[in-house]
file coords01.tsv (TSV, C-alpha atoms)
chain	number	residue	atom	x	y	z
H	446	MET	CA	-102.83	-26.99	73.98
H	447	ARG	CA	-101.86	-30.48	72.88
H	448	ALA	CA	-101.79	-29.39	69.25
H	449	ALA	CA	-99.73	-26.32	70.03
H	450	GLY	CA	-97.24	-28.39	71.93
H	451	ALA	CA	-96.98	-30.98	69.17
H	452	ARG	CA	-96.63	-28.38	66.45
H	453	GLY	CA	-94.53	-26.02	68.50
H	454	ALA	CA	-91.28	-25.10	67.01
H	455	ILE	CA	-89.18	-27.66	65.35
H	456	GLY	CA	-87.67	-29.11	68.55
H	457	PRO	CA	-87.24	-32.76	67.52
H	458	SER	CA	-86.36	-31.87	63.96
H	459	ALA	CA	-83.79	-29.27	64.93
H	460	SER	CA	-81.96	-31.56	67.36
H	461	ALA	CA	-81.86	-34.33	64.79
H	462	LEU	CA	-80.53	-32.01	62.11
H	463	ASP	CA	-77.80	-30.39	64.19
H	464	ARG	CA	-75.75	-33.56	64.66
H	465	PRO	CA	-72.60	-33.76	62.54
H	466	PRO	CA	-72.41	-37.21	60.81
H	467	GLY	CA	-72.86	-37.86	57.05
H	468	SER	CA	-75.72	-36.69	54.88
H	469	LEU	CA	-77.40	-40.10	54.51
H	470	ALA	CA	-77.57	-40.72	58.27
H	471	LEU	CA	-78.55	-37.10	58.77
H	472	GLY	CA	-81.34	-37.42	56.24
H	473	CYS	CA	-82.65	-40.60	57.87
H	474	ARG	CA	-82.65	-38.97	61.32
H	475	ALA	CA	-84.38	-35.90	59.92
H	476	ALA	CA	-87.05	-38.00	58.22
H	477	ALA	CA	-87.68	-39.96	61.43
H	478	ALA	CA	-87.89	-36.74	63.45
H	479	PHE	CA	-90.43	-35.21	61.09
H	480	VAL	CA	-92.53	-38.38	61.13
H	481	ARG	CA	-92.48	-38.48	64.95
H	482	ARG	CA	-93.56	-34.86	65.13
H	483	GLU	CA	-96.38	-35.32	62.62
H	484	PHE	CA	-97.58	-38.47	64.39
H	485	ALA	CA	-97.71	-36.64	67.72
H	486	THR	CA	-99.70	-33.87	66.06
H	487	TYR	CA	-102.00	-36.27	64.23
H	488	VAL	CA	-103.01	-38.31	67.27
H	489	SER	CA	-103.52	-35.17	69.37
H	490	TYR	CA	-106.52	-34.26	67.23
H	491	ARG	CA	-108.86	-37.02	68.42
H	492	THR	CA	-111.99	-35.15	67.41
H	493	LYS	CA	-110.62	-34.73	63.89
H	494	LEU	CA	-109.99	-38.48	63.66
H	495	VAL	CA	-113.55	-39.30	64.70
H	496	LEU	CA	-115.03	-36.72	62.33
H	497	GLY	CA	-112.87	-38.06	59.51
H	498	LEU	CA	-114.22	-41.56	60.02
H	499	VAL	CA	-117.80	-40.30	60.21
H	500	SER	CA	-117.30	-38.27	57.03
H	501	LEU	CA	-115.95	-41.29	55.16
H	502	VAL	CA	-118.80	-43.49	56.32
H	503	PHE	CA	-121.25	-40.82	55.22
H	504	SER	CA	-119.65	-40.55	51.77
H	505	LEU	CA	-119.59	-44.30	51.28
H	506	VAL	CA	-123.24	-44.63	52.30
H	507	VAL	CA	-124.18	-41.88	49.85
H	508	PHE	CA	-122.33	-43.56	46.99
H	509	SER	CA	-123.84	-46.90	47.97
H	510	PHE	CA	-127.31	-45.46	47.49
H	511	VAL	CA	-126.28	-43.70	44.28
H	512	GLY	CA	-125.00	-47.06	43.07
H	513	ARG	CA	-128.40	-48.62	43.74
H	514	VAL	CA	-130.03	-45.82	41.74
H	515	VAL	CA	-127.66	-46.45	38.83
H	516	ALA	CA	-128.37	-50.19	38.98
H	517	THR	CA	-132.10	-49.57	39.05
H	518	ALA	CA	-131.99	-47.08	36.18
H	519	GLY	CA	-130.22	-49.53	33.89
H	520	PRO	CA	-128.07	-52.65	34.20
H	521	GLY	CA	-125.58	-51.56	31.54
H	522	PHE	CA	-123.02	-50.03	33.92
H	523	VAL	CA	-121.68	-53.34	35.19
H	524	GLU	CA	-121.51	-54.82	31.69
H	525	ARG	CA	-119.69	-51.78	30.36
H	526	TYR	CA	-117.26	-51.06	33.20
H	527	GLY	CA	-116.94	-54.47	34.85
H	528	MET	CA	-118.07	-53.35	38.31
H	529	SER	CA	-120.95	-51.69	40.10
H	530	TYR	CA	-121.05	-47.92	40.31
H	531	THR	CA	-120.42	-48.09	44.06
H	532	SER	CA	-117.17	-50.01	43.52
H	533	TYR	CA	-116.27	-47.71	40.63
H	534	ALA	CA	-116.68	-44.59	42.76
H	535	LEU	CA	-114.99	-46.18	45.78
H	536	VAL	CA	-111.83	-46.98	43.81
H	537	GLY	CA	-111.81	-43.45	42.39
H	538	ILE	CA	-112.20	-41.82	45.80
H	539	PHE	CA	-109.69	-44.17	47.44
H	540	VAL	CA	-106.93	-43.52	44.89
H	541	HIS	CA	-107.55	-39.83	44.23
H	542	SER	CA	-108.20	-38.61	47.76
H	543	LEU	CA	-105.23	-40.38	49.32
H	544	ALA	CA	-102.80	-39.57	46.50
H	545	SER	CA	-103.90	-35.93	46.64
H	546	SER	CA	-102.31	-35.78	50.09
H	547	GLY	CA	-99.04	-35.33	48.20
H	548	LEU	CA	-100.50	-32.26	46.55
H	549	ASN	CA	-100.98	-30.49	49.87
H	550	ALA	CA	-98.41	-31.92	52.29
H	551	PHE	CA	-95.35	-29.94	51.19
H	552	ARG	CA	-97.20	-26.67	50.72
H	553	SER	CA	-98.83	-26.96	54.15
H	554	ALA	CA	-95.48	-27.86	55.74
H	555	VAL	CA	-93.88	-24.70	54.33
H	556	ARG	CA	-96.86	-22.57	55.26
H	557	ARG	CA	-96.90	-23.93	58.81
H	558	GLU	CA	-93.22	-23.16	59.32
H	559	GLN	CA	-93.76	-19.65	57.91
H	560	LEU	CA	-96.61	-18.92	60.30
H	561	GLN	CA	-94.71	-20.37	63.27
H	562	GLY	CA	-91.64	-18.31	62.39
H	563	THR	CA	-89.43	-21.42	62.17
H	564	LEU	CA	-88.84	-21.66	58.41
H	565	GLU	CA	-85.67	-19.58	58.39
H	566	VAL	CA	-84.23	-21.60	61.28
H	567	LEU	CA	-85.19	-24.87	59.60
H	568	LEU	CA	-83.43	-23.94	56.35
H	569	THR	CA	-80.16	-23.06	58.08
H	570	THR	CA	-79.45	-26.69	59.00
H	571	ARG	CA	-76.96	-28.95	57.23
H	572	LEU	CA	-79.26	-30.51	54.64
H	573	PRO	CA	-80.09	-28.67	51.38
H	574	SER	CA	-83.21	-26.51	51.58
H	575	PRO	CA	-85.26	-28.52	49.02
H	576	ALA	CA	-84.41	-31.74	50.86
H	577	LEU	CA	-85.55	-30.25	54.17
H	578	VAL	CA	-88.84	-29.07	52.71
H	579	ALA	CA	-89.35	-32.49	51.11
H	580	LEU	CA	-88.65	-34.24	54.43
H	581	ALA	CA	-90.98	-31.90	56.33
H	582	GLY	CA	-93.76	-32.67	53.87
H	583	ALA	CA	-92.93	-36.37	53.76
H	584	GLY	CA	-93.51	-36.67	57.50
H	585	GLU	CA	-96.99	-35.21	57.17
H	586	LEU	CA	-97.64	-37.22	53.99
H	587	SER	CA	-96.73	-40.55	55.55
H	588	ILE	CA	-99.02	-40.01	58.54
H	589	THR	CA	-101.87	-38.77	56.34
H	590	LEU	CA	-101.57	-41.71	53.94
H	591	ALA	CA	-101.44	-44.29	56.71
H	592	GLY	CA	-104.30	-42.74	58.64
H	593	GLY	CA	-106.38	-42.09	55.51
H	594	ALA	CA	-105.94	-45.64	54.23
H	595	ALA	CA	-106.90	-47.07	57.61
H	596	LEU	CA	-109.97	-44.85	57.81
H	597	MET	CA	-111.02	-45.64	54.24
H	598	LEU	CA	-110.65	-49.39	54.67
H	599	GLY	CA	-112.34	-49.29	58.05
H	600	ALA	CA	-115.24	-47.24	56.72
H	601	ALA	CA	-115.62	-49.56	53.73
H	602	ALA	CA	-115.74	-52.55	56.09
H	603	LEU	CA	-118.40	-50.86	58.23
H	604	VAL	CA	-120.75	-50.46	55.28
H	605	GLY	CA	-119.89	-53.85	53.76
H	606	LEU	CA	-117.92	-52.69	50.70
H	607	ASP	CA	-114.87	-54.49	49.37
H	608	VAL	CA	-111.79	-52.53	48.23
H	609	PRO	CA	-110.11	-54.68	45.56
H	610	LEU	CA	-106.42	-54.26	46.45
H	611	SER	CA	-105.06	-55.67	43.19
H	612	PRO	CA	-101.46	-55.13	41.97
H	613	ALA	CA	-102.86	-52.77	39.35
H	614	LEU	CA	-104.55	-50.64	42.00
H	615	VAL	CA	-101.44	-50.53	44.20
H	616	SER	CA	-99.21	-49.58	41.24
H	617	ALA	CA	-101.63	-46.88	40.15
H	618	PHE	CA	-101.87	-45.49	43.66
H	619	LEU	CA	-98.10	-45.35	44.20
H	620	LEU	CA	-97.35	-43.75	40.83
H	621	TYR	CA	-100.19	-41.26	41.14
H	622	THR	CA	-99.01	-40.33	44.64
H	623	VAL	CA	-95.50	-39.66	43.29
H	624	ILE	CA	-96.97	-37.45	40.55
H	625	MET	CA	-98.99	-35.49	43.07
H	626	CYS	CA	-95.91	-35.15	45.29
H	627	GLY	CA	-94.01	-33.60	42.38
H	628	VAL	CA	-96.80	-31.08	41.88
H	629	GLY	CA	-96.87	-30.52	45.64
H	630	LEU	CA	-93.14	-29.74	45.70
H	631	ALA	CA	-93.66	-27.15	42.97
H	632	SER	CA	-96.56	-25.75	44.97
H	633	ALA	CA	-94.29	-25.45	48.03
H	634	GLY	CA	-91.72	-23.59	45.94
H	635	VAL	CA	-94.36	-21.06	44.91
H	636	VAL	CA	-95.53	-20.69	48.54
H	637	MET	CA	-91.96	-19.83	49.53
H	638	VAL	CA	-92.29	-16.74	47.32
H	639	VAL	CA	-95.96	-15.69	47.29
H	640	LYS	CA	-96.87	-16.92	50.83
H	641	GLU	CA	-100.63	-16.97	50.09
H	642	GLY	CA	-102.74	-17.53	46.98
H	643	GLU	CA	-100.71	-20.38	45.43
H	644	PRO	CA	-102.62	-21.49	42.29
H	645	ILE	CA	-100.92	-24.77	41.29
H	646	SER	CA	-102.56	-27.19	43.72
H	647	TRP	CA	-105.93	-25.47	43.26
H	648	ALA	CA	-105.83	-25.87	39.48
H	649	VAL	CA	-104.46	-29.43	39.46
H	650	GLY	CA	-106.79	-30.65	42.21
H	651	GLY	CA	-109.84	-29.09	40.58
H	652	LEU	CA	-109.11	-30.46	37.12
H	653	ALA	CA	-108.31	-33.92	38.45
H	654	GLY	CA	-111.52	-34.13	40.47
H	655	LEU	CA	-113.71	-32.81	37.67
H	656	LEU	CA	-112.25	-34.47	34.58
H	657	GLY	CA	-110.20	-37.41	35.85
H	658	GLY	CA	-112.98	-39.99	36.17
H	659	VAL	CA	-113.11	-40.01	39.96
H	660	TYR	CA	-116.89	-39.99	40.28
H	661	PHE	CA	-118.08	-40.87	36.77
H	662	PRO	CA	-116.58	-42.39	33.61
H	663	VAL	CA	-114.61	-40.06	31.36
H	664	ASP	CA	-116.57	-41.18	28.30
H	665	MET	CA	-119.64	-39.47	29.76
H	666	LEU	CA	-117.96	-36.07	29.22
H	667	PRO	CA	-118.54	-34.04	26.06
H	668	GLY	CA	-116.20	-35.07	23.25
H	669	TRP	CA	-114.17	-31.85	23.39
H	670	LEU	CA	-113.42	-32.45	27.08
H	671	GLN	CA	-112.50	-36.11	26.73
H	672	SER	CA	-109.21	-35.34	24.95
H	673	GLY	CA	-108.16	-33.08	27.81
H	674	ALA	CA	-109.28	-35.62	30.37
H	675	ARG	CA	-107.14	-38.34	28.80
H	676	ALA	CA	-104.09	-36.08	29.12
H	677	LEU	CA	-104.48	-36.05	32.92
H	678	PRO	CA	-102.53	-38.50	35.10
H	679	THR	CA	-105.68	-38.97	37.17
H	680	THR	CA	-107.49	-40.56	34.25
H	681	HIS	CA	-104.67	-43.04	33.61
H	682	ALA	CA	-104.19	-43.80	37.32
H	683	LEU	CA	-107.85	-44.64	37.79
H	684	ALA	CA	-107.99	-46.64	34.57
H	685	LEU	CA	-105.05	-48.71	35.81
H	686	ALA	CA	-106.53	-49.03	39.31
H	687	ARG	CA	-109.84	-50.28	37.98
H	688	TYR	CA	-108.22	-52.65	35.48
H	689	GLY	CA	-108.06	-56.14	36.91
H	690	THR	CA	-110.87	-55.51	39.39
H	691	GLY	CA	-113.78	-56.10	37.04
H	692	ALA	CA	-115.00	-58.26	34.19
H	693	GLN	CA	-113.07	-56.26	31.60
H	694	ALA	CA	-109.77	-57.64	32.95
H	695	ALA	CA	-109.93	-60.68	30.69
H	696	SER	CA	-109.93	-58.71	27.44
H	697	GLY	CA	-106.79	-58.03	25.42
H	698	ALA	CA	-107.89	-54.45	24.83
H	699	ALA	CA	-108.02	-53.86	28.57
H	700	ALA	CA	-104.51	-55.26	28.98
H	701	GLY	CA	-103.24	-52.92	26.27
H	702	THR	CA	-104.93	-49.96	27.90
H	703	SER	CA	-103.40	-50.91	31.25
H	704	ALA	CA	-99.89	-51.08	29.77
H	705	GLY	CA	-100.36	-47.70	28.12
H	706	SER	CA	-101.59	-46.12	31.35
H	707	LEU	CA	-98.67	-47.61	33.29
H	708	GLY	CA	-96.13	-46.18	30.83
H	709	PHE	CA	-97.84	-42.79	30.93
H	710	LEU	CA	-97.78	-42.73	34.74
H	711	VAL	CA	-94.10	-43.70	34.97
H	712	ALA	CA	-93.10	-40.92	32.56
H	713	ALA	CA	-95.37	-38.44	34.32
H	714	ALA	CA	-93.93	-39.36	37.75
H	715	LEU	CA	-90.33	-38.77	36.62
H	716	ALA	CA	-91.21	-35.48	34.94
H	717	SER	CA	-93.28	-34.32	37.90
H	718	LEU	CA	-90.49	-34.92	40.43
H	719	ALA	CA	-87.89	-33.21	38.22
H	720	VAL	CA	-90.04	-30.13	37.70
H	721	GLY	CA	-91.19	-30.09	41.32
H	722	PHE	CA	-87.69	-30.07	42.78
H	723	ALA	CA	-86.57	-27.45	40.23
H	724	VAL	CA	-89.41	-25.10	41.19
H	725	LEU	CA	-88.82	-25.74	44.90
H	726	GLU	CA	-85.12	-24.94	44.52
H	727	TRP	CA	-86.04	-21.75	42.67
H	728	GLY	CA	-88.47	-20.73	45.41
H	729	CYS	CA	-85.96	-21.38	48.21
H	730	ARG	CA	-83.22	-19.48	46.41
H	731	LEU	CA	-85.46	-16.49	45.59
H	732	ALA	CA	-86.89	-16.24	49.11
H	733	ARG	CA	-83.41	-16.41	50.61
H	734	SER	CA	-81.90	-13.82	48.23
H	735	SER	CA	-84.82	-11.42	48.76
H	736	GLY	CA	-84.66	-11.81	52.53
H	737	THR	CA	-88.29	-12.95	52.82
H	738	LEU	CA	-87.80	-16.36	54.43
H	739	SER	CA	-89.10	-15.01	57.73
H	740	HIS	CA	-92.10	-13.34	56.10
H	741	TYR	CA	-95.53	-14.92	56.17

call {"tool": "encode", "arguments": {"input": "coords01.tsv", "output": "structure tokens"}}
result
Amino acid sequence: MRAAGARGAIGPSASALDRPPGSLALGCRAAAAFVRREFATYVSYRTKLVLGLVSLVFSLVVFSFVGRVVATAGPGFVERYGMSYTSYALVGIFVHSLASSGLNAFRSAVRREQLQGTLEVLLTTRLPSPALVALAGAGELSITLAGGAALMLGAAALVGLDVPLSPALVSAFLLYTVIMCGVGLASAGVVMVVKEGEPISWAVGGLAGLLGGVYFPVDMLPGWLQSGARALPTTHALALARYGTGAQAASGAAAGTSAGSLGFLVAAALASLAVGFAVLEWGCRLARSSGTLSHY
């Protein structure tokens, strides 16, 4: 009952959006209302919070033992990649799993409003429809990122692992999150039209996890897959995140690779947001013109 009450119709959001002043103040109030609602929902699921922490501890323990196996099998991993396998995997999981929240937040926000029957009401308020969808997803995203980061850092501390929060890692995480948010906005636009079976987040999430170097180095892939892997933002984000955290940081080649990855991520972030908002606008317009906003 707590969850139903927290997620109930858009009470706080609607009251914040119905006030008359300018668009900037209106947008700020709307963002704050969505964050308050998502926070109330998030903390109401106490069992989910506990299970999330247990799951993270379990994953970190598993990778800790896998790291020991890698170290026992051969000492070359540290020399080649500048860190133990456990640290390598931890950085990959930390960056990819948290940034992937942007892939799902906007789609799940739209889908939730569809199932609750509140989407049509939400999109009749003063702010543009794409902005409202973005704000609804941003509320969920901010809570998920904050809670996920706290759980990840807490779990790492429990098992005695250090997360190297270098400027390179923070930059990679922020840019990769923006890229995933752009894809998530496009995903939300498709959900506005198809309701179920949206393929964008499934394809992007699957490719990123498999080919992006989250769990193992990209150069372990077959040669014909490596070219595709290096075209993924995930690969560049993790390369940038891991740069500066290991022994390879001192080399000029590593610095050049880091600069190239940073440029790639900046360009990808701008393109992703532009395409994401365009697809979201298309989805809102098509659903409204076809009269299917209230459908789910």

call {"tool": "residues_near_point", "arguments": {"input": "coords01.tsv", "point": "(-91.6, -43.2, 45.3)", "cutoff": "12 Å", "atoms": "only C-alpha atoms", "output": "ChimeraX atom specification"}}
result
/H:544,547,583,587,616-627,711,714-715,717-718

call {"tool": "residues_near_point", "arguments": {"input": "coords01.tsv", "point": "(-110.5, -42.0, 48.5)", "cutoff": "10 Å", "atoms": "all atoms listed in the file", "output": "ChimeraX atom specification"}}
result
/H:501,504-505,534-545,593-594,596-598,659

call {"tool": "closest_residue", "arguments": {"input": "coords01.tsv", "among": "H:Phe709, H:Trp727, H:Tyr688, H:Phe722", "to": "Met528 (chain H)", "atoms": "only C-alpha atoms"}}
result
H:Tyr688

call {"tool": "closest_residue", "arguments": {"input": "coords01.tsv", "among": "H:Val636, H:Pro678, H:Ala579, H:Ala713", "to": "Gly650 (chain H)", "atoms": "only C-alpha atoms"}}
result
H:Pro678

call {"tool": "atom_distance", "arguments": {"input": "coords01.tsv", "atom1": "CA of Pro662 (chain H)", "atom2": "CA of Pro644 (chain H)"}}
result
26.6 Å

call {"tool": "atom_distance", "arguments": {"input": "coords01.tsv", "atom1": "CA of Ala477 (chain H)", "atom2": "CA of Ala581 (chain H)"}}
result
10.1 Å

call {"tool": "closest_residue", "arguments": {"input": "coords01.tsv", "among": "H:Gly582, H:Pro575, H:Gly599, H:Gly651", "to": "Glu726 (chain H)", "atoms": "all atoms listed in the file"}}
result
H:Pro575

call {"tool": "atom_distance", "arguments": {"input": "coords01.tsv", "atom1": "CA of Trp647 (chain H)", "atom2": "CA of Gly668 (chain H)"}}
result
24.5 Å

call {"tool": "closest_residue", "arguments": {"input": "coords01.tsv", "among": "H:Arg552, H:Arg474, H:Arg687, H:Arg675", "to": "Val639 (chain H)", "atoms": "all atoms listed in the file"}}
result
H:Arg552

call {"tool": "closest_residue", "arguments": {"input": "coords01.tsv", "among": "H:Ala613, H:Met637, H:Ala595, H:Ala682", "to": "Arg557 (chain H)", "atoms": "all atoms listed in the file"}}
result
H:Met637

call {"tool": "closest_atom_pairs", "arguments": {"input": "coords01.tsv", "of": "region 564-661 of chain H", "to": "region 733-736 of chain H", "cutoff": "10 Å", "atoms": "all atoms listed in the file", "output": "JSON lines"}}
result
{"residue": "H:Glu565", "atom": "CA", "partner": "H:Arg733", "partner_atom": "CA", "distance": 8.7}
{"residue": "H:Leu568", "atom": "CA", "partner": "H:Arg733", "partner_atom": "CA", "distance": 9.5}
{"residue": "H:Met637", "atom": "CA", "partner": "H:Arg733", "partner_atom": "CA", "distance": 9.3}
{"residue": "H:Val638", "atom": "CA", "partner": "H:Ser735", "partner_atom": "CA", "distance": 9.3}

call {"tool": "closest_residue", "arguments": {"input": "coords01.tsv", "among": "H:Gly673, H:Pro573, H:Ala686, H:Val663", "to": "Ser611 (chain H)", "atoms": "all atoms listed in the file"}}
result
H:Ala686

call {"tool": "residues_around", "arguments": {"input": "coords01.tsv", "residues": "Asp664 (chain H)", "least_positions_apart": "5", "cutoff": "12 Å", "atoms": "all atoms listed in the file", "output": "list of chain:residue names"}}
result
H:Arg525, H:Tyr526, H:Leu656, H:Gly657, H:Gly658, H:Trp669, H:Leu670, H:Gln671, H:Ser672, H:Gly673, H:Ala674, H:Arg675, H:Thr680, H:Ala684
